[in-house]
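Enquirer: The following block contains the structure, expressed as structure tokens.
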Amino acid sequence: MLITEYRIPLPLTVKEYRIGQLYTTMEMSKDETGGGEGVEVLENRPFEDTPLLGNTFKEGQYTHKIYHLANKVPKYLRYLTPAGSLQFEEKAWNSFPYCSTEITNPSFMKENFTLIVKSHHFDDDIGEQENVHQLAPQELQQRTVEFIDIANDPIRPSLYNEEYDPSLYKSTYTQRGHLKGDWIRTTKPIMTCYKLVYSEFKWLGLQGRVEKFIQSTERRIFFLFHRMLFCGMDSWYSIPLNHIRDLEKQNALELQRRRREDALRGYTETS
């Protein structure tokens, strides 16, 4: 198992981030859904008293999703796995500012695949807290730490989108941006997301390679997601939380419609 903690400073307050995170998740889900793949929302409801969050976080929002990702995994895994087995189940307990997410592959890998993401968010923080997830000494020794700078970290040309470049974007509502140079130490407000990722893939000969792939994929997702979140600020900044919940319901129906149409197109093309 690999354990990596990603620290992501952002020019936001934690209260603002909560809205931006939910809104951007919906937008990314729409971008990723099409061609027979993408996100299927099974549940999105309040929860109370889950043991996964311990005694500190007793209530929040529970989501249950299926990710259809056959074309987004390495080719060598596609060749080695049965057709239809590359569907991943995500269960998330969001008790903001804390969130716990578990991703499994119940149709094929079962207990041999583990991906857990634990997130914590802090105001007035530039990523210098050493153990926000309260890891035991053994896990601390195993953990590695990586910082993600949404403005200055390198990005592959194939992933670059000028619309989501924090060095070019400036918010009309807040006047935040452009993010350049040592912006993390000079920008107010500032907060940090601490995302702890556990990846395990028990397959002889492939374990290390796939676990590293999972971690690199999570880092890429965090990097692109938070660039999109910041650069989309003027789209979500003034939306109240109760309206976000209504938008999530509409989004789930839209994703369902797209997948249904894709299935019908697939049936027509092969019939």
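Chain labels follow the order of the structure tokens: the first chain is A, the next B, and so on; residue numbering restarts at 1 in every chain, and ligands are counted from 1 in their shown order.
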When you look at segment 223-235 of chain A with a cut-off of 7 Å (counting only C-alpha atoms), what residues show up, excluding the ones that are within fewer than 6 positions of it in the same chain? I need them as a list in words.
Expert: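 Answer for this query is Gly20, Gln21, Thr24, Ile148, Ile150, Tyr164, Asp165, Pro166, Tyr169, Ser171, Thr172 and Tyr173 of chain A.
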Enquirer: For the structure I just gave you, how does DSSP split segment 114-248 of chain A - specifically, which residues are strand (DSSP E)? Reply as a JSON list (two decimals) with all heavy atoms, in the first residue's frame.
Expert:
```json
[["chain", "number", "residue", "atom", "x", "y", "z"],
["A", 114, "THR", "N", -8.04, -1.24, -3.04],
["A", 114, "THR", "CA", -8.45, -0.25, -2.04],
["A", 114, "THR", "C", -8.00, 1.13, -2.48],
["A", 114, "THR", "O", -6.84, 1.33, -2.83],
["A", 114, "THR", "CB", -7.84, -0.55, -0.66],
["A", 114, "THR", "OG1", -8.23, -1.86, -0.24],
["A", 114, "THR", "CG2", -8.30, 0.48, 0.38],
["A", 115, "LEU", "N", -8.94, 2.08, -2.48],
["A", 115, "LEU", "CA", -8.60, 3.48, -2.68],
["A", 115, "LEU", "C", -9.43, 4.28, -1.70],
["A", 115, "LEU", "O", -10.66, 4.31, -1.78],
["A", 115, "LEU", "CB", -8.88, 3.92, -4.12],
["A", 115, "LEU", "CG", -8.69, 5.41, -4.42],
["A", 115, "LEU", "CD1", -7.28, 5.88, -4.07],
["A", 115, "LEU", "CD2", -8.99, 5.70, -5.89],
["A", 116, "ILE", "N", -8.76, 4.88, -0.74],
["A", 116, "ILE", "CA", -9.43, 5.69, 0.29],
["A", 116, "ILE", "C", -8.83, 7.09, 0.26],
["A", 116, "ILE", "O", -7.60, 7.25, 0.22],
["A", 116, "ILE", "CB", -9.26, 5.07, 1.69],
["A", 116, "ILE", "CG1", -9.91, 3.68, 1.75],
["A", 116, "ILE", "CG2", -9.86, 5.98, 2.77],
["A", 116, "ILE", "CD1", -9.65, 2.94, 3.04],
["A", 117, "VAL", "N", -9.69, 8.11, 0.28],
["A", 117, "VAL", "CA", -9.25, 9.49, 0.32],
["A", 117, "VAL", "C", -9.90, 10.17, 1.52],
["A", 117, "VAL", "O", -11.13, 10.21, 1.62],
["A", 117, "VAL", "CB", -9.63, 10.26, -0.97],
["A", 117, "VAL", "CG1", -9.11, 11.70, -0.89],
["A", 117, "VAL", "CG2", -9.10, 9.55, -2.21],
["A", 118, "LYS", "N", -9.07, 10.68, 2.41],
["A", 118, "LYS", "CA", -9.55, 11.41, 3.58],
["A", 118, "LYS", "C", -9.13, 12.87, 3.42],
["A", 118, "LYS", "O", -7.94, 13.15, 3.23],
["A", 118, "LYS", "CB", -9.00, 10.81, 4.87],
["A", 118, "LYS", "CG", -9.47, 9.38, 5.13],
["A", 118, "LYS", "CD", -8.93, 8.85, 6.44],
["A", 118, "LYS", "CE", -9.42, 7.42, 6.70],
["A", 118, "LYS", "NZ", -10.86, 7.37, 6.98],
["A", 119, "SER", "N", -10.10, 13.78, 3.50],
["A", 119, "SER", "CA", -9.84, 15.19, 3.24],
["A", 119, "SER", "C", -10.16, 16.03, 4.47],
["A", 119, "SER", "O", -11.18, 15.79, 5.14],
["A", 119, "SER", "CB", -10.69, 15.69, 2.06],
["A", 119, "SER", "OG", -10.49, 14.90, 0.91],
["A", 120, "HIS", "N", -9.29, 17.00, 4.73],
["A", 120, "HIS", "CA", -9.52, 17.97, 5.80],
["A", 120, "HIS", "C", -9.16, 19.35, 5.27],
["A", 120, "HIS", "O", -8.24, 19.47, 4.45],
["A", 120, "HIS", "CB", -8.69, 17.63, 7.04],
["A", 120, "HIS", "CG", -9.46, 17.72, 8.32],
["A", 120, "HIS", "ND1", -10.42, 18.68, 8.54],
["A", 120, "HIS", "CD2", -9.40, 16.97, 9.46],
["A", 120, "HIS", "CE1", -10.91, 18.53, 9.76],
["A", 120, "HIS", "NE2", -10.33, 17.49, 10.34],
["A", 121, "HIS", "N", -9.85, 20.38, 5.73],
["A", 121, "HIS", "CA", -9.70, 21.73, 5.18],
["A", 121, "HIS", "C", -9.55, 22.73, 6.32],
["A", 121, "HIS", "O", -10.32, 22.69, 7.29],
["A", 121, "HIS", "CB", -10.92, 22.09, 4.32],
["A", 121, "HIS", "CG", -11.28, 21.04, 3.32],
["A", 121, "HIS", "ND1", -12.08, 19.95, 3.64],
["A", 121, "HIS", "CD2", -10.95, 20.89, 2.01],
["A", 121, "HIS", "CE1", -12.21, 19.18, 2.58],
["A", 121, "HIS", "NE2", -11.55, 19.73, 1.57],
["A", 122, "PHE", "N", -8.58, 23.66, 6.17],
["A", 122, "PHE", "CA", -8.27, 24.60, 7.24],
["A", 122, "PHE", "C", -8.08, 26.01, 6.68],
["A", 122, "PHE", "O", -7.37, 26.20, 5.70],
["A", 122, "PHE", "CB", -7.00, 24.19, 7.98],
["A", 122, "PHE", "CG", -7.12, 22.90, 8.74],
["A", 122, "PHE", "CD1", -6.86, 21.69, 8.12],
["A", 122, "PHE", "CD2", -7.52, 22.90, 10.06],
["A", 122, "PHE", "CE1", -6.98, 20.50, 8.82],
["A", 122, "PHE", "CE2", -7.65, 21.71, 10.78],
["A", 122, "PHE", "CZ", -7.37, 20.51, 10.15],
["A", 123, "ASP", "N", -8.72, 26.99, 7.37],
["A", 123, "ASP", "CA", -8.50, 28.40, 7.05],
["A", 123, "ASP", "C", -7.14, 28.86, 7.56],
["A", 123, "ASP", "O", -6.57, 28.27, 8.49],
["A", 123, "ASP", "CB", -9.59, 29.25, 7.72],
["A", 123, "ASP", "CG", -10.86, 29.34, 6.88],
["A", 123, "ASP", "OD1", -10.74, 29.48, 5.65],
["A", 123, "ASP", "OD2", -11.96, 29.28, 7.46],
["A", 143, "ARG", "N", 3.93, 7.40, 5.07],
["A", 143, "ARG", "CA", 3.34, 8.49, 4.30],
["A", 143, "ARG", "C", 4.40, 9.35, 3.63],
["A", 143, "ARG", "O", 5.44, 9.66, 4.21],
["A", 143, "ARG", "CB", 2.51, 9.37, 5.24],
["A", 143, "ARG", "CG", 1.90, 10.59, 4.59],
["A", 143, "ARG", "CD", 1.52, 11.65, 5.62],
["A", 143, "ARG", "NE", 2.69, 12.27, 6.24],
["A", 143, "ARG", "CZ", 2.64, 13.31, 7.07],
["A", 143, "ARG", "NH1", 1.48, 13.83, 7.40],
["A", 143, "ARG", "NH2", 3.76, 13.81, 7.58],
["A", 144, "THR", "N", 4.11, 9.77, 2.40],
["A", 144, "THR", "CA", 4.89, 10.81, 1.75],
["A", 144, "THR", "C", 3.98, 12.03, 1.57],
["A", 144, "THR", "O", 2.76, 11.90, 1.51],
["A", 144, "THR", "CB", 5.42, 10.36, 0.38],
["A", 144, "THR", "OG1", 4.30, 10.00, -0.46],
["A", 144, "THR", "CG2", 6.35, 9.17, 0.52],
["A", 145, "VAL", "N", 4.60, 13.21, 1.49],
["A", 145, "VAL", "CA", 3.85, 14.46, 1.37],
["A", 145, "VAL", "C", 4.22, 15.15, 0.07],
["A", 145, "VAL", "O", 5.39, 15.27, -0.28],
["A", 145, "VAL", "CB", 4.15, 15.40, 2.56],
["A", 145, "VAL", "CG1", 3.48, 16.76, 2.37],
["A", 145, "VAL", "CG2", 3.69, 14.76, 3.87],
["A", 146, "GLU", "N", 3.19, 15.59, -0.66],
["A", 146, "GLU", "CA", 3.40, 16.35, -1.90],
["A", 146, "GLU", "C", 2.55, 17.62, -1.86],
["A", 146, "GLU", "O", 1.36, 17.56, -1.51],
["A", 146, "GLU", "CB", 3.02, 15.53, -3.13],
["A", 146, "GLU", "CG", 3.95, 14.37, -3.43],
["A", 146, "GLU", "CD", 3.69, 13.78, -4.81],
["A", 146, "GLU", "OE1", 3.23, 14.54, -5.69],
["A", 146, "GLU", "OE2", 3.94, 12.58, -4.98],
["A", 147, "PHE", "N", 3.15, 18.75, -2.20],
["A", 147, "PHE", "CA", 2.42, 20.00, -2.32],
["A", 147, "PHE", "C", 1.96, 20.17, -3.77],
["A", 147, "PHE", "O", 2.67, 19.82, -4.71],
["A", 147, "PHE", "CB", 3.29, 21.18, -1.93],
["A", 147, "PHE", "CG", 3.42, 21.36, -0.44],
["A", 147, "PHE", "CD1", 4.35, 20.61, 0.28],
["A", 147, "PHE", "CD2", 2.62, 22.25, 0.25],
["A", 147, "PHE", "CE1", 4.48, 20.75, 1.65],
["A", 147, "PHE", "CE2", 2.74, 22.41, 1.62],
["A", 147, "PHE", "CZ", 3.67, 21.65, 2.32],
["A", 191, "MET", "N", -6.26, 29.12, 2.39],
["A", 191, "MET", "CA", -6.65, 27.89, 3.09],
["A", 191, "MET", "C", -5.87, 26.74, 2.47],
["A", 191, "MET", "O", -5.22, 26.90, 1.43],
["A", 191, "MET", "CB", -8.15, 27.63, 2.95],
["A", 191, "MET", "CG", -8.60, 27.43, 1.51],
["A", 191, "MET", "SD", -10.19, 26.59, 1.31],
["A", 191, "MET", "CE", -9.75, 24.91, 1.74],
["A", 192, "THR", "N", -5.94, 25.58, 3.11],
["A", 192, "THR", "CA", -5.29, 24.40, 2.53],
["A", 192, "THR", "C", -6.20, 23.18, 2.65],
["A", 192, "THR", "O", -6.82, 22.95, 3.70],
["A", 192, "THR", "CB", -3.95, 24.10, 3.22],
["A", 192, "THR", "OG1", -3.02, 25.14, 2.87],
["A", 192, "THR", "CG2", -3.36, 22.77, 2.76],
["A", 193, "CYS", "N", -6.30, 22.42, 1.56],
["A", 193, "CYS", "CA", -6.92, 21.09, 1.57],
["A", 193, "CYS", "C", -5.81, 20.07, 1.83],
["A", 193, "CYS", "O", -4.80, 20.06, 1.13],
["A", 193, "CYS", "CB", -7.54, 20.77, 0.22],
["A", 193, "CYS", "SG", -8.67, 21.99, -0.41],
["A", 194, "TYR", "N", -6.01, 19.23, 2.82],
["A", 194, "TYR", "CA", -5.11, 18.11, 3.09],
["A", 194, "TYR", "C", -5.82, 16.84, 2.66],
["A", 194, "TYR", "O", -6.83, 16.45, 3.25],
["A", 194, "TYR", "CB", -4.78, 18.02, 4.58],
["A", 194, "TYR", "CG", -3.94, 19.14, 5.13],
["A", 194, "TYR", "CD1", -4.50, 20.38, 5.43],
["A", 194, "TYR", "CD2", -2.57, 18.96, 5.38],
["A", 194, "TYR", "CE1", -3.73, 21.42, 5.96],
["A", 194, "TYR", "CE2", -1.80, 19.98, 5.91],
["A", 194, "TYR", "CZ", -2.39, 21.20, 6.19],
["A", 194, "TYR", "OH", -1.61, 22.21, 6.73],
["A", 195, "LYS", "N", -5.32, 16.19, 1.61],
["A", 195, "LYS", "CA", -5.95, 14.99, 1.07],
["A", 195, "LYS", "C", -5.01, 13.80, 1.25],
["A", 195, "LYS", "O", -3.94, 13.76, 0.65],
["A", 195, "LYS", "CB", -6.32, 15.19, -0.40],
["A", 195, "LYS", "CG", -7.45, 16.20, -0.58],
["A", 195, "LYS", "CD", -7.93, 16.24, -2.02],
["A", 195, "LYS", "CE", -9.18, 17.09, -2.15],
["A", 195, "LYS", "NZ", -10.37, 16.46, -1.55],
["A", 196, "LEU", "N", -5.43, 12.86, 2.06],
["A", 196, "LEU", "CA", -4.64, 11.67, 2.36],
["A", 196, "LEU", "C", -5.18, 10.51, 1.53],
["A", 196, "LEU", "O", -6.35, 10.15, 1.64],
["A", 196, "LEU", "CB", -4.73, 11.34, 3.85],
["A", 196, "LEU", "CG", -3.85, 10.21, 4.35],
["A", 196, "LEU", "CD1", -2.38, 10.61, 4.33],
["A", 196, "LEU", "CD2", -4.28, 9.81, 5.77],
["A", 197, "VAL", "N", -4.31, 9.94, 0.68],
["A", 197, "VAL", "CA", -4.74, 8.90, -0.27],
["A", 197, "VAL", "C", -4.04, 7.58, 0.06],
["A", 197, "VAL", "O", -2.81, 7.50, 0.07],
["A", 197, "VAL", "CB", -4.42, 9.32, -1.72],
["A", 197, "VAL", "CG1", -4.86, 8.22, -2.69],
["A", 197, "VAL", "CG2", -5.12, 10.63, -2.06],
["A", 198, "TYR", "N", -4.85, 6.56, 0.30],
["A", 198, "TYR", "CA", -4.36, 5.19, 0.47],
["A", 198, "TYR", "C", -4.66, 4.44, -0.83],
["A", 198, "TYR", "O", -5.83, 4.36, -1.25],
["A", 198, "TYR", "CB", -5.09, 4.47, 1.61],
["A", 198, "TYR", "CG", -4.92, 5.05, 2.99],
["A", 198, "TYR", "CD1", -5.69, 6.13, 3.40],
["A", 198, "TYR", "CD2", -4.03, 4.49, 3.89],
["A", 198, "TYR", "CE1", -5.57, 6.65, 4.68],
["A", 198, "TYR", "CE2", -3.89, 5.00, 5.18],
["A", 198, "TYR", "CZ", -4.67, 6.08, 5.57],
["A", 198, "TYR", "OH", -4.54, 6.58, 6.84],
["A", 199, "SER", "N", -3.65, 3.86, -1.45],
["A", 199, "SER", "CA", -3.88, 3.05, -2.65],
["A", 199, "SER", "C", -3.27, 1.67, -2.47],
["A", 199, "SER", "O", -2.11, 1.54, -2.07],
["A", 199, "SER", "CB", -3.29, 3.73, -3.89],
["A", 199, "SER", "OG", -1.88, 3.86, -3.79],
["A", 200, "GLU", "N", -4.06, 0.65, -2.76],
["A", 200, "GLU", "CA", -3.58, -0.73, -2.67],
["A", 200, "GLU", "C", -4.18, -1.54, -3.81],
["A", 200, "GLU", "O", -5.39, -1.46, -4.07],
["A", 200, "GLU", "CB", -3.96, -1.35, -1.33],
["A", 200, "GLU", "CG", -3.36, -2.74, -1.13],
["A", 200, "GLU", "CD", -3.52, -3.24, 0.29],
["A", 200, "GLU", "OE1", -4.61, -3.05, 0.86],
["A", 200, "GLU", "OE2", -2.57, -3.83, 0.82],
["A", 201, "PHE", "N", -3.32, -2.31, -4.48],
["A", 201, "PHE", "CA", -3.74, -3.13, -5.62],
["A", 201, "PHE", "C", -2.98, -4.45, -5.53],
["A", 201, "PHE", "O", -1.81, -4.54, -5.91],
["A", 201, "PHE", "CB", -3.42, -2.40, -6.93],
["A", 201, "PHE", "CG", -3.96, -3.06, -8.16],
["A", 201, "PHE", "CD1", -5.24, -2.81, -8.60],
["A", 201, "PHE", "CD2", -3.16, -3.95, -8.90],
["A", 201, "PHE", "CE1", -5.74, -3.42, -9.76],
["A", 201, "PHE", "CE2", -3.65, -4.55, -10.05],
["A", 201, "PHE", "CZ", -4.94, -4.28, -10.48]]
```
Enquirer: Pull the alpha helix (DSSP H) assignments for segment 48-228 of chain A out of DSSP run on the backbone, and list those residues as a PyMOL selection string.
Expert: chain A and resi 75-80+137-142+183-186+207-228
Enquirer: Env of segment 241-245 of chain A: 7 Å cut, atoms = only C-alpha atoms, seq-sep filter 4 positions within chain, self excluded. Answer as a PDB file with N, CA, C and O atoms, in the first residue's frame.
Expert:
```pdb
ATOM      1  N   ILE A  19     -18.783  25.482  -1.228  1.00  0.00           N
ATOM      2  CA  ILE A  19     -19.666  25.695  -2.373  1.00  0.00           C
ATOM      3  C   ILE A  19     -18.932  25.402  -3.676  1.00  0.00           C
ATOM      4  O   ILE A  19     -19.448  24.717  -4.557  1.00  0.00           O
ATOM      5  N   TYR A  23     -19.963  22.552  -6.552  1.00  0.00           N
ATOM      6  CA  TYR A  23     -20.299  23.023  -7.895  1.00  0.00           C
ATOM      7  C   TYR A  23     -19.333  22.432  -8.931  1.00  0.00           C
ATOM      8  O   TYR A  23     -19.754  21.944  -9.989  1.00  0.00           O
ATOM      9  N   LYS A 249     -29.382  17.520  -7.724  1.00  0.00           N
ATOM     10  CA  LYS A 249     -30.468  16.637  -8.155  1.00  0.00           C
ATOM     11  C   LYS A 249     -30.685  16.742  -9.665  1.00  0.00           C
ATOM     12  O   LYS A 249     -30.852  15.737 -10.354  1.00  0.00           O
TER      13      LYS A 249
END
```
Enquirer: What does the distance from atom CA of Ile66 of chain A to atom CA of Glu211 of chain A come to in Å, to one decimal?
Expert: 20.6 Å
Enquirer: Do you know which residues are at most 9 Å from Lys30 of chain A counting only C-alpha atoms, after dropping those on the same chain fewer than 5 positions away, and could you put them as a tab-separated table (two decimals) with all heavy atoms, in the first residue's frame?
Expert:
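Saved the output as around24.tsv:
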```tsv
chain	number	residue	atom	x	y	z
A	25	THR	N	-17.52	19.75	-8.72
A	25	THR	CA	-17.74	18.30	-8.85
A	25	THR	C	-18.84	18.02	-9.87
A	25	THR	O	-18.71	17.11	-10.71
A	25	THR	CB	-18.11	17.69	-7.49
A	25	THR	OG1	-17.00	17.86	-6.59
A	25	THR	CG2	-18.41	16.20	-7.63
A	38	GLY	N	-18.50	7.48	-17.72
A	38	GLY	CA	-18.78	8.62	-16.88
A	38	GLY	C	-19.34	8.24	-15.54
A	38	GLY	O	-19.09	7.15	-15.02
A	39	VAL	N	-20.15	9.15	-14.96
A	39	VAL	CA	-20.58	9.06	-13.57
A	39	VAL	C	-22.07	8.75	-13.50
A	39	VAL	O	-22.89	9.37	-14.19
A	39	VAL	CB	-20.30	10.38	-12.83
A	39	VAL	CG1	-20.65	10.25	-11.35
A	39	VAL	CG2	-18.84	10.79	-13.00
A	251	ASN	N	-28.45	17.67	-11.81
A	251	ASN	CA	-27.26	17.11	-12.45
A	251	ASN	C	-27.34	15.59	-12.53
A	251	ASN	O	-26.98	14.99	-13.54
A	251	ASN	CB	-26.01	17.54	-11.70
A	251	ASN	CG	-24.73	17.13	-12.39
A	251	ASN	OD1	-24.45	17.54	-13.50
A	251	ASN	ND2	-23.94	16.30	-11.71
A	254	GLU	N	-29.51	14.68	-15.34
A	254	GLU	CA	-28.85	14.93	-16.62
A	254	GLU	C	-27.83	13.84	-16.94
A	254	GLU	O	-27.75	13.37	-18.09
A	254	GLU	CB	-28.16	16.30	-16.58
A	254	GLU	CG	-27.24	16.61	-17.75
A	254	GLU	CD	-27.96	16.68	-19.09
A	254	GLU	OE1	-29.21	16.77	-19.10
A	254	GLU	OE2	-27.28	16.65	-20.13
A	255	LEU	N	-27.06	13.40	-15.95
A	255	LEU	CA	-26.10	12.32	-16.17
A	255	LEU	C	-26.81	11.03	-16.54
A	255	LEU	O	-26.35	10.27	-17.40
A	255	LEU	CB	-25.24	12.12	-14.91
A	255	LEU	CG	-24.36	13.29	-14.48
A	255	LEU	CD1	-23.60	12.94	-13.20
A	255	LEU	CD2	-23.38	13.69	-15.57
```
Enquirer: Point out the residue among A:Ile8, A:Glu89, A:Asp182, A:Asn94 with the least atom-to-atom distance to Glu48 of chain A, counting only C-alpha atoms.
Expert: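 Of A:Ile8, A:Glu89, A:Asp182, A:Asn94, the one nearest Glu48 of chain A is A:Asn94, counting only C-alpha atoms.
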